[in-house]
Amino acid sequence: MGASLPPKEANLFKLIVKSHETKQYKKGLKAADAILKKFPDHGETLSMKGLTLNCMDRKTEAYELVRLGVKNDVKSHVCWHVYGLLYRSDREYREAIKCYRNALRIDPDNIEILRDLSLLQAQMRDLTGFVDTRQQLLHLKPNHRMNWIGFAVAHHLNSNGAKAVEILEAFEGTLEDDYPPDNERYEHGEMLLYKISLLEESGFLERALEELYKKEPKIVDKLTYKEQEVSLLVKLGRLEEGANIYKALLTMNPDNYRYYEGLQKCFGLYSENGKYSSDEVDRLDALYKSLSQQYTWSSAVKRIPLDFLQGDKFREATFNYIKPFLTKGVPSLFSDLSPLYDHLGKADILEQLILGLEHSIRATSRYPDRTEKEPPSTLLWILFFLAQHYDREGQYDVALSKINEAIEHTPTVIDLYTVKSRILKHAGDLVAAASFADEARCMDLADRYINSESVKRMLQADQVALAEKTAVLFTKDGDQHNNLHDMQCMWYELASGESYFRQGDLGQALKKFLAVEKHYADITEDQFDFHSYCLRKMTLRAYVEMLKFQDRLHSHAYFHKAAAGAIRCYLKLFDSPLNSLAEKEDTSKTPSQKKKMKKQRKAERAKKEAEEKNEESSSSGISRSGKRHVKPADPDPLGEKLLKTEYPLSEATKYLKLLLKNSPDSLETHLLSFEVNMRKQKILLAFQAVKQLQRLDAENPDSHRCLIKFFHKLGSMPAPLTAAEKLVWSVLEAERPSISQLQEKTLSEANKVFLGKHEESLMHIVAVAEMLYTLEHTKKLEAVKLIEDSCNKVMPMNGALGRVLEWKLKDCIAVHILLEKVLIDQDAALRWKVRCAEYFPYSTYFEGSRSSAVQNLLNNQDSKAAVNGGASHPEISQGANSFISNGKLEAFKSLTISR
């Protein structure tokens with residue numbers, strides 16, 4: 001580097017490189033300017049100056065200088081290497097790889113460039129290239145441990161575990177007998193465990209076990225040693241030895257569920273679906289009874305049998321399990337037992353048990369099988385459990401009465417208010433739920449979890465501004481909303497985006513959804529630093545697991561929700577472009593509403609500008625590195641630029657491709673694919689989505705909708721003219737007979753057959769009605785009648801559970817929207833609303849008689865009547881004088897009013 005310069009300038013060039021490495025950028029810049037004063041066209045100096053400026057956030061100048069440096073000295077590996085580093089800093093990895101390859105053509109044995117290239121190849125999963133580069137590094141520097149390990153890992157990632165084992169054994173052959181020294185014992189032990197896991201993965205189980213026993217003295221992590229040993233023994237069928245090791249592991253950690261699962265496998269008593277024969281249940285029961293005598297302090301050994309026991313044995317085991325937790329007051333007891341509700345009949349037994357305990361405590365202050373009295377708090381936690389139980393079963397009246405009694409018993413327990421908030425949310429009163437959650441928050445302002453619960457409820461109630469103010473109480477700077485983004489608080493951004501979408505603010509909704517997508521891009525980028533770190537620190541097993549996790553990163557539920565939300569926004573934007581959307585809003589609002597909205601937008605802009613100014617004023621200027629600590633101002637705080645995209649369907653397709661690749665078994669993925677491709681007139685892709693929906697769940701109402709819509713649209717299209725169109729039509733004609741629902745049937749007939757299969761299900765009936773209207777608009781009244789004639793039956797329940805209706809609140813809301821906006825029958829929509837208000841008396845959407853919306857209306861009428869000397873409304877309970885959604889809950893102390 002700098003070889004073409006005189007000695008003085010060559011030393012200055014070395015100073016530039018050193019200054020860059022030590023982050024003394026001003027010093028490096030000064031040295032570069034000194035060289036360029038004498039040699040203004042020196043390519044390597046221009047490149048290094050550009051790299052230094054890039055670190056000072058002067059990217060435009062940096063690219064200009066680096067490109068000029070490459071132009072002036074195209075045969076310099078330094079210029080190409082620097083160009084690659086510049087691209088790498090901007091995550092342009094493919095371009096960076098091209099630059100590194102150009103540098104290696106000039107200097108093929110440059111270890112630094114080869115190492116940088118290998119990191120990028122690992123990042124981009126160019127596994128063949130990764131193997132070649134690591135092999136070259138090993139040939140150049142065979143005495144370096146990291147090169148051996150890197151070469152082995154490269155072969156492992158390239159699905160060649162046997163070759164990786166050979167390389168590791170060859171490396172071990174180069175070591176002396178007394179290796180490793182004390183300061184490298186852990187790293188060497190990790191390498192040995194990695195080799196054994198490779199042997200296991202490659203199917204060499206006997207050899208892996210032999211190697212494990214042979215290397216035991218050199219393996220420091222004894223817990224992992226034991227876990228690896230028992231894993232190999234079980235796979236080899238040496239179950240008795242495996243059982244002994246599992247018992248030894250349980251002595252160390254008797255609450256580890258994986259050890260119990262392994263022990264069951266050793267005894268041949270493990271089932272993936274949790275179903276066992278009566279003989280197996282008896283053997284399992286005997287096993288866990290013996291274990292419970294050995295590990296008396298373990299909670300897991302008492303909890304696991306509840307999953308497989310039945311009848312009286314289940315009753316007895318559950319009775320003994322829950323009593324100490326109710327006495328101690330463990331709020332998470334219901335969460336612990338909630339999986340049992342998926343087992344037939346166990347919910348009824350739980351209810352009978354808890355009701356029996358409640359009766360006994362009320363009558364005698366004792367449990368039925370004890371003589372000593374229980375503390376007063378035991379009744380509180382029994383009521384707490386029952387409230388959650390009845391909430392789970394959909395009996396919201398009973399749930400609210402239980403939680404209200406618990407609050408009256410001990411008004412200072414925060415968990416009671418959070419559960420009441422959850423019950424009200426499930427019952428449909430989102431505003432009251434937000435208020436109770438805020439009350440819980442106000443009782444402990446230092447609890448981040450309670451604060452987050454409150455924010456979640458506020459967003460569900462579309463109180464976005466209040467939610468934002470509450471959320472930032474726990475951010476670093478107190479009032480900086482951007483910190484929630486910096487903290488990658490994805491649950492908040494998703495809930496906020498959904499709220500904005502419900503309110504019709506597509507700009508803000510898109511901004512939130514795309515923020516989540518950016519977090520996943522950042523997580524993908526964050527793996528880059530670990531490619532060299534993990535090889536250096538020998539955390540090889542964790543490194544490989546991390547890479548596997550990164551490969552399936554975009555299948556995570558949060559990414560799926562964000563991508564689906566963004567696609568829905570773009571679909572809505574395509575259906576109602578920005579100008580027509582604004583016109584529609586203007587015509588639908590009164591002058592006073594328009595004025596109010598204008599003021600609100602102005603206030604939001606002013607708030608964002610004030611925050612940006614505060615950020616700038618609180619920054620500490622320029623650091624030693626030359627970087628400013630000022631966060632760049634958000635150029636699009638309200639998401640307005642996102643709405644101005646010319647091709648919303650192209651934007652939607654970007655996220656749809658990610659969903660199709662990473663969530664192919666999700667029904668929602670293919671529903672969105674159908675909607676996007678139908679709008680893009682991509683007939684074959686839309687048909688592919690229909691076929692996938694039929695594969696996943698042909699009886700789903702949405703699958704039926706897409707099937708009928710697709711072939712109805714196909715029937716209304718003009719006859720094919722071009723060769724490509726004729727080819728598409730021939731494919732569709734050939735594929736249609738393969739769809740069982742349409743074989744030798746018209747679409748109307750297929751719709752009737754579907755109704756016959758599902759005439760008891762509301763959402764299936766609604767899908768049929770919608771398709772009836774889609775196929776023939778003249779049958780609108782018939783479609784409406786079909787929906788209105790549907791009957792809300794009592795769900796079949798076992799034993800003690802009370803009366804619960806089948807229809808769900810969210811489904812009934814969807815039906816109301818369909819009647820109002822698709823079938824466009826306002827009278828039918830009103831009738832449906834009145835009908836559902838009886839089924840869901842707490843629902844604010846349907847304005848049920850017990851919802852906060854109706855009570856507020858009656859309160860206002862009461863206030864007016866009182867001012868005019870009138871009498872108050874008789875149905876309003878005492879204390880329900882006002883509703884304020886900021887933690888003041890006087891209006892809801894008696895929310896459950898008797899009819």
# chains A, B, ... in the order shown; residues from 1 in each chain; ligands from 1
$ select_by_dssp --residues "region 115-281 of chain A" --states "helix (DSSP H, G or I)" --output "NGL selection string"
:A and (115-123 or 127-140 or 145-157 or 161-173 or 182-201 or 205-214 or 216-218 or 222-235 or 239-252 or 257-266 or 278-281)
$ residues_around --residues "Asp665 (chain A)" --least-positions-apart "5" --cutoff "10 Å" --atoms "only C-alpha atoms" --output "PyMOL selection string"
chain A and resi 659-660+670+692-693+695-696
$ residues_around --residues "Ser118 (chain A)" --least-positions-apart "3" --cutoff "10 Å" --atoms "only C-alpha atoms" --output "JSON, numbers by chain"
{"A": [97, 112, 113, 114, 115, 121, 122, 123, 124, 126, 127, 129, 130, 131, 132, 133, 134, 137, 150, 154, 531, 532]}
$ atom_distance --atom1 "CA of Asp348 (chain A)" --atom2 "CA of Leu416 (chain A)"
23.3 Å
$ closest_residue --among "A:Asn451, A:Gln488, A:Gln228, A:Ser650" --to "Glu517 (chain A)" --atoms "only C-alpha atoms"
A:Gln488
$ atom_distance --atom1 "CA of Lys215 (chain A)" --atom2 "CA of Leu199 (chain A)"
13.9 Å
